[in-house]
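Note sheet for the following structure.
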Amino acid sequence: MFLTREQEKILAGEYGWARSKALEVIVKVGEALGAERLIEVEHAHVSGISYTNIGDAGLELVQDFYRGRAYARVYTTLNPGCVDLLSYSQIVDNRYRDKQLILNRYLEAMGFRPTYTCIPYLHRKPGPGEHLSWGESSAVIFANSLFGSRTNREGGPLALSSAITGYTYYYGLHLLENRVVEVSIAVEAKNKCYGALGLWIGYNVKSIPMIRGVSNDISGLKLMLAASAASGDHGLIVIEGVTPAKSYIVSDKVEKMYVEDRDLEEYIGVEPSENDKVLGYIGCPHLDPREFFELVDKIRSRGKSAKRDRDLLVSIPAVYSNLFIDEIHELKRYGVDVAVGTCPIVSKLREKYDYLVTNSGKAAFYMSRLHGLNTYIASIDRVLEIVFGG
Amino acid sequence: MYVFRVSTVVVNGSCRGRAAVIDDYISFFGEVDPERGVHRVRGKRVADRVLVFRGSRGSTVGSYIIYSMKKNGKSPICFIVSRVDPVLVAGAVLAEIPLLVVEDFDSLISTVDDGDLVEYCSEGGVIRVYKT
């Protein structure tokens, strides 16, 4: 791989062990994939920081980087950890609170922003053509598809290394020549269940698609993209009329596909029965402020608490614990469990449920696997009906 | 003695030790116990062995597990694989464990058995296998 003189110096350890080791990770991974050089990134988003997922192994590495005087060279945000930072949640298990807080302390001491959210674009909206090194597949696909930014789907250690060095390898979705649409998908389904649509795309489409026939409702697209990045390895989905021009090219040969209501049925699942113990869940990916307020309004206007054997969990970015503390308390009065800076995919749950009812295809995908739940994907209104009654 | 050509040296370093052979891809997260240095599924010790396996798969947490094995003194002394992915490369770099890709991996894995002596000299270009 071609390296600049400055990069050679970092690698040789002139700026210390941590930066040298971090750059070596990027160079070696880049070489293994066939990258020819490195590029500077504007923003790193570090995933894989939940103690539940990475355990003592991850904690040790972060600790070693911290002790090796690593410091953020670029704007760096952090993905959710495994604890509710307000400690109000009765659903998310805070058993690893102490370990997670130690991990957080090291990360923040290295200059990473305590965002603890999977929607880093809430804190800093990336520009078109901007190079990023982001972990968290749902954020990656949002940045590429909605902002026209450029990032691969990175793992935790690679994004951490980018944060410490400011570089990533120039490969994959960083190059326009790899952002080529090869499939055109006409959405003919009348039920705009974006979570299920996303799962269908992830399972059934292997190359970069262009989607036609969906609205420009950003919240819906966010659900669709997150689900497709969970059930498949998508990093970019072009949405007609939404994805910025010039951030992708269209192949000469484009295969045509259609998706109808009956294709989505198996991903939507079946409604729970009255006897099932149900967890309603909204907030995967985390809610932006508009989505959060709309949800608060809907719950407020219903004016009642959750039914027996029905719980509702809402997960939101860490910054809301200050900004929206009144709304969080209001939701608590309706028996709604709000978890801040975490989510049930990267944490443990205190109780066993039979069923997950959610608007998120990504949550359905992971929670059926991680927590062994039956799943049903529905609109927010339907989720609320199931939890609070009609 | 059998000789196999190394096509790519991803992480360099000399090594000499007994082989642990797993003819499969390994998800280090879940399948390997970093405290004991054991491949749980096969019940096979990988600590202090030259680990011959196809490559890694699964969660990116795998990189951290490799690092943890090294810190616990329970890591393999070398990785010999058929192909690499970012999880394995990042783990091997962080843990400073030699990582070698072998050209004719299928014939290597049909030759080498658990306990055979495997040797690689830094930049030597070949792996030597001594049957026991």
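Each chain in the structure tokens gets a letter, A, B and so on, in the order shown; residues start at 1 in every chain, and ligands are counted from 1 in the order they appear.
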
Proximal residues of chain B relative to chain A (only C-alpha atoms; 7 Å) as a CSV table (one decimal) with C-alpha atoms, in the first residue's frame:
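Ended up saving to part.csv:
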```csv
chain,number,residue,atom,x,y,z
B,10,VAL,CA,-0.6,-10.5,6.6
B,60,THR,CA,-16.6,-8.1,14.7
B,61,VAL,CA,-16.3,-8.8,18.4
B,64,TYR,CA,-11.5,-8.4,20.6
B,65,ILE,CA,-11.6,-12.1,21.5
B,67,TYR,CA,-6.8,-9.8,21.6
B,68,SER,CA,-8.1,-11.1,24.9
B,84,VAL,CA,-8.7,-13.5,5.6
B,86,PRO,CA,-11.3,-7.8,8.4
B,89,VAL,CA,-6.8,-9.3,10.3
B,90,ALA,CA,-7.7,-6.6,12.9
B,93,VAL,CA,-2.6,-7.1,14.2
B,94,LEU,CA,-3.8,-6.0,17.6
```

Spatial neighbours of B:Arg54, max dist 9 Å, only C-alpha atoms, sep filter under 4 positions, as a PyMOL selection string:
chain B and resi 22-26+80-84+105+109

Could you name the residues that touch B:Glu103 at 10 Å or less, counting only C-alpha atoms, but leaving out those on the same chain fewer than 2 positions away, as a list of chain:residue names?
B:Phe4, B:Arg5, B:Val6, B:Ser7, B:Thr8, B:Val81, B:Ser82, B:Arg83, B:Leu100, B:Val101, B:Phe105, B:Asp106, B:Ser107, B:Leu108, B:Val126

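Residues in contact with A:Lys192 at 9 Å, where only C-alpha atoms are counted and same-chain residues fewer than 4 positions away are skipped, are listed as A:Ala196, A:Leu197, A:Val214, A:Gly220, A:Asp261.
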
What lies within 8 Å of A:Ile316 using only C-alpha atoms, ignoring chain neighbours under 6 positions off, as an NGL selection string?
:A and (117 or 283 or 286-288 or 338-342)

d(atom CA of A:Ala229, atom CA of A:Thr115) in Å
21.6 Å

7 Å contact set for A:Arg153, only C-alpha atoms, chain neighbours under 6 positions out, as a list in words:
Trp134, Gly135, Ser137, Val140 and Gly235 of chain A

Using only C-alpha atoms, please write the residues we just selected to a file, as an mmCIF file, in the first residue's frame.
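Produced file selection-v4.cif, reproduced below:
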```cif
data_model
loop_
_atom_site.group_PDB
_atom_site.id
_atom_site.type_symbol
_atom_site.label_atom_id
_atom_site.label_comp_id
_atom_site.auth_asym_id
_atom_site.auth_seq_id
_atom_site.Cartn_x
_atom_site.Cartn_y
_atom_site.Cartn_z
ATOM 1 C CA TRP A 134 -18.601 4.400 10.649
ATOM 2 C CA GLY A 135 -19.533 1.231 12.442
ATOM 3 C CA SER A 137 -24.747 -0.878 9.868
ATOM 4 C CA VAL A 140 -23.710 3.448 7.559
ATOM 5 C CA GLY A 235 -24.276 -0.465 2.751
#
```

As a CSV table (one decimal) with C-alpha atoms, in the first residue's frame, please: every residue in stretch 133-329 of chain A that DSSP puts in helix (DSSP H, G or I).
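And here's selection.csv as it stands now:
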```csv
chain,number,residue,atom,x,y,z
A,137,SER,CA,-24.7,-0.9,9.9
A,138,SER,CA,-28.0,1.1,10.1
A,139,ALA,CA,-26.1,4.4,10.4
A,140,VAL,CA,-23.7,3.4,7.6
A,141,ILE,CA,-26.5,2.8,5.1
A,142,PHE,CA,-28.3,6.0,6.2
A,143,ALA,CA,-25.2,8.1,5.5
A,144,ASN,CA,-24.6,6.5,2.1
A,145,SER,CA,-28.2,6.4,0.9
A,146,LEU,CA,-29.7,9.6,2.3
A,156,GLY,CA,-15.7,-1.7,16.1
A,157,PRO,CA,-11.9,-2.1,16.1
A,158,LEU,CA,-11.6,-0.5,12.6
A,159,ALA,CA,-13.8,2.5,13.4
A,160,LEU,CA,-11.9,2.9,16.7
A,161,SER,CA,-8.6,2.9,14.8
A,162,SER,CA,-10.0,5.5,12.4
A,163,ALA,CA,-11.0,7.7,15.4
A,164,ILE,CA,-7.4,7.6,16.8
A,165,THR,CA,-5.7,8.1,13.4
A,172,GLY,CA,-15.4,-0.2,-1.4
A,173,LEU,CA,-18.1,2.4,-1.0
A,174,HIS,CA,-15.5,5.2,-0.7
A,176,LEU,CA,-17.8,6.1,-6.9
A,177,GLU,CA,-17.0,3.2,-9.2
A,178,ASN,CA,-18.2,0.8,-6.6
A,194,TYR,CA,-41.0,-0.3,5.9
A,195,GLY,CA,-39.5,-2.7,8.4
A,196,ALA,CA,-40.7,-5.8,6.6
A,197,LEU,CA,-39.8,-4.2,3.2
A,198,GLY,CA,-36.3,-3.7,4.4
A,199,LEU,CA,-36.0,-7.3,5.6
A,200,TRP,CA,-37.2,-8.5,2.2
A,201,ILE,CA,-34.6,-6.4,0.5
A,202,GLY,CA,-31.8,-7.7,2.7
A,203,TYR,CA,-32.8,-11.4,2.2
A,204,ASN,CA,-33.6,-11.2,-1.5
A,218,ILE,CA,-37.5,9.8,6.2
A,219,SER,CA,-38.7,7.9,9.3
A,220,GLY,CA,-40.0,5.1,7.1
A,221,LEU,CA,-36.9,5.0,5.0
A,222,LYS,CA,-34.8,4.9,8.1
A,223,LEU,CA,-36.7,1.7,9.2
A,224,MET,CA,-36.4,0.2,5.8
A,225,LEU,CA,-32.6,0.8,5.5
A,226,ALA,CA,-31.8,-0.4,9.0
A,227,ALA,CA,-33.7,-3.7,8.3
A,228,SER,CA,-32.0,-4.3,5.0
A,229,ALA,CA,-28.6,-3.7,6.6
A,230,ALA,CA,-29.5,-6.3,9.3
A,231,SER,CA,-30.9,-9.2,7.1
A,261,ASP,CA,-47.9,-7.4,-0.4
A,262,ARG,CA,-47.7,-11.1,-0.3
A,263,ASP,CA,-43.9,-11.0,-0.4
A,264,LEU,CA,-43.9,-9.1,2.8
A,265,GLU,CA,-46.2,-11.4,4.8
A,266,GLU,CA,-43.6,-13.8,6.2
A,267,TYR,CA,-41.5,-10.9,7.4
A,268,ILE,CA,-44.4,-9.1,9.1
A,289,PRO,CA,-36.6,14.6,18.2
A,290,ARG,CA,-39.6,14.9,15.8
A,291,GLU,CA,-40.3,11.1,16.0
A,292,PHE,CA,-40.0,11.3,19.8
A,293,PHE,CA,-42.5,14.1,20.1
A,294,GLU,CA,-44.9,12.5,17.8
A,295,LEU,CA,-44.8,9.4,19.9
A,296,VAL,CA,-45.2,11.3,23.1
A,297,ASP,CA,-48.3,13.0,21.6
A,298,LYS,CA,-49.8,9.7,20.5
A,299,ILE,CA,-49.3,8.2,24.0
A,300,ARG,CA,-50.6,11.3,25.7
A,301,SER,CA,-53.7,11.5,23.6
A,302,ARG,CA,-54.5,7.8,24.4
A,320,TYR,CA,-32.3,13.4,25.5
A,321,SER,CA,-31.7,12.6,29.2
A,322,ASN,CA,-31.1,16.4,29.6
A,323,LEU,CA,-33.1,17.8,26.7
A,325,ILE,CA,-36.4,14.9,30.8
A,326,ASP,CA,-40.0,16.3,31.2
A,327,GLU,CA,-41.3,14.1,28.4
A,328,ILE,CA,-39.4,11.1,29.7
A,329,HIS,CA,-41.1,11.6,33.1
```

Which neighbours of B:Gly37 fall inside 10 Å, counting only C-alpha atoms, when residues of the same chain fewer than 4 positions from it are skipped, and could you give them as an mmCIF file with N, CA and C atoms, in the first residue's frame?
```cif
data_model
loop_
_atom_site.group_PDB
_atom_site.id
_atom_site.type_symbol
_atom_site.label_atom_id
_atom_site.label_comp_id
_atom_site.auth_asym_id
_atom_site.auth_seq_id
_atom_site.Cartn_x
_atom_site.Cartn_y
_atom_site.Cartn_z
ATOM 1 N N VAL B 32 -14.939 -19.560 20.600
ATOM 2 C CA VAL B 32 -13.651 -19.704 21.279
ATOM 3 C C VAL B 32 -13.732 -19.116 22.683
ATOM 4 N N ASP B 33 -13.220 -19.850 23.645
ATOM 5 C CA ASP B 33 -13.169 -19.379 25.034
ATOM 6 C C ASP B 33 -11.820 -18.707 25.260
ATOM 7 N N LYS B 44 -11.297 -28.347 21.443
ATOM 8 C CA LYS B 44 -9.874 -28.478 21.092
ATOM 9 C C LYS B 44 -9.066 -27.298 21.618
ATOM 10 N N ARG B 45 -7.915 -27.619 22.205
ATOM 11 C CA ARG B 45 -7.040 -26.566 22.705
ATOM 12 C C ARG B 45 -6.364 -25.848 21.535
ATOM 13 N N VAL B 46 -6.427 -24.514 21.536
ATOM 14 C CA VAL B 46 -5.737 -23.733 20.505
ATOM 15 C C VAL B 46 -4.617 -22.885 21.101
ATOM 16 N N ALA B 47 -4.607 -22.735 22.435
ATOM 17 C CA ALA B 47 -3.564 -21.962 23.101
ATOM 18 C C ALA B 47 -2.202 -22.593 22.829
ATOM 19 N N ASP B 48 -1.231 -21.757 22.509
ATOM 20 C CA ASP B 48 0.150 -22.194 22.254
ATOM 21 C C ASP B 48 0.262 -23.168 21.081
ATOM 22 N N ARG B 49 -0.738 -23.191 20.216
ATOM 23 C CA ARG B 49 -0.685 -24.054 19.035
ATOM 24 C C ARG B 49 -0.592 -23.205 17.777
ATOM 25 N N ILE B 66 -9.689 -12.320 20.044
ATOM 26 C CA ILE B 66 -8.307 -12.695 19.720
ATOM 27 C C ILE B 66 -7.332 -11.904 20.602
ATOM 28 N N SER B 68 -7.981 -10.636 23.510
ATOM 29 C CA SER B 68 -8.124 -11.111 24.882
ATOM 30 C C SER B 68 -7.370 -12.416 25.118
ATOM 31 N N MET B 69 -7.408 -13.339 24.150
ATOM 32 C CA MET B 69 -6.658 -14.594 24.272
ATOM 33 C C MET B 69 -5.176 -14.304 24.484
ATOM 34 N N LYS B 70 -4.676 -13.337 23.712
ATOM 35 C CA LYS B 70 -3.254 -12.986 23.829
ATOM 36 C C LYS B 70 -2.942 -12.430 25.220
ATOM 37 N N ASN B 72 -4.489 -12.959 27.918
ATOM 38 C CA ASN B 72 -4.627 -14.027 28.912
ATOM 39 C C ASN B 72 -3.528 -15.077 28.792
ATOM 40 N N GLY B 73 -2.647 -14.935 27.815
ATOM 41 C CA GLY B 73 -1.609 -15.943 27.593
ATOM 42 C C GLY B 73 -2.187 -17.250 27.067
ATOM 43 N N LYS B 74 -3.342 -17.163 26.391
ATOM 44 C CA LYS B 74 -4.013 -18.374 25.908
ATOM 45 C C LYS B 74 -4.233 -18.331 24.394
ATOM 46 N N SER B 75 -3.394 -17.580 23.685
ATOM 47 C CA SER B 75 -3.622 -17.436 22.246
ATOM 48 C C SER B 75 -2.823 -18.461 21.460
ATOM 49 N N PRO B 76 -3.259 -18.741 20.229
ATOM 50 C CA PRO B 76 -2.414 -19.525 19.325
ATOM 51 C C PRO B 76 -1.108 -18.760 19.068
#
```

Can you list, as a ChimeraX atom specification, all residues belonging to chain B that DSSP tags as strand (DSSP E or B)?
/B:2-11,15-26,32-33,38-39,44-45,50-56,78-81,99-102,117-120,126-130

Between A:Leu356, A:Tyr167, A:Leu107, A:Gly269, which has the minimum distance to A:Leu3 (counting only C-alpha atoms)?
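The closest residue to A:Leu3 is A:Tyr167.
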
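Going from atom CA of A:Leu236 to atom CA of A:Val319 covers 27.6 Å.
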
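Nearest to B:Phe79 of all the residues B:Leu51, B:Val102, B:Leu117, B:Cys15 is B:Leu51, counting only C-alpha atoms.
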
Considering only C-alpha atoms, state which residue in the set B:Thr111, B:Pro98, B:Asp85, B:Phe29 is at the smallest distance from B:Glu123.
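Ranked by minimum distance to B:Glu123, first place goes to B:Pro98.
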
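Minimum distance to B:Val41 across B:Asp104, B:Phe53, B:Ser27, B:Ile77 (counting only C-alpha atoms) occurs at B:Ser27.
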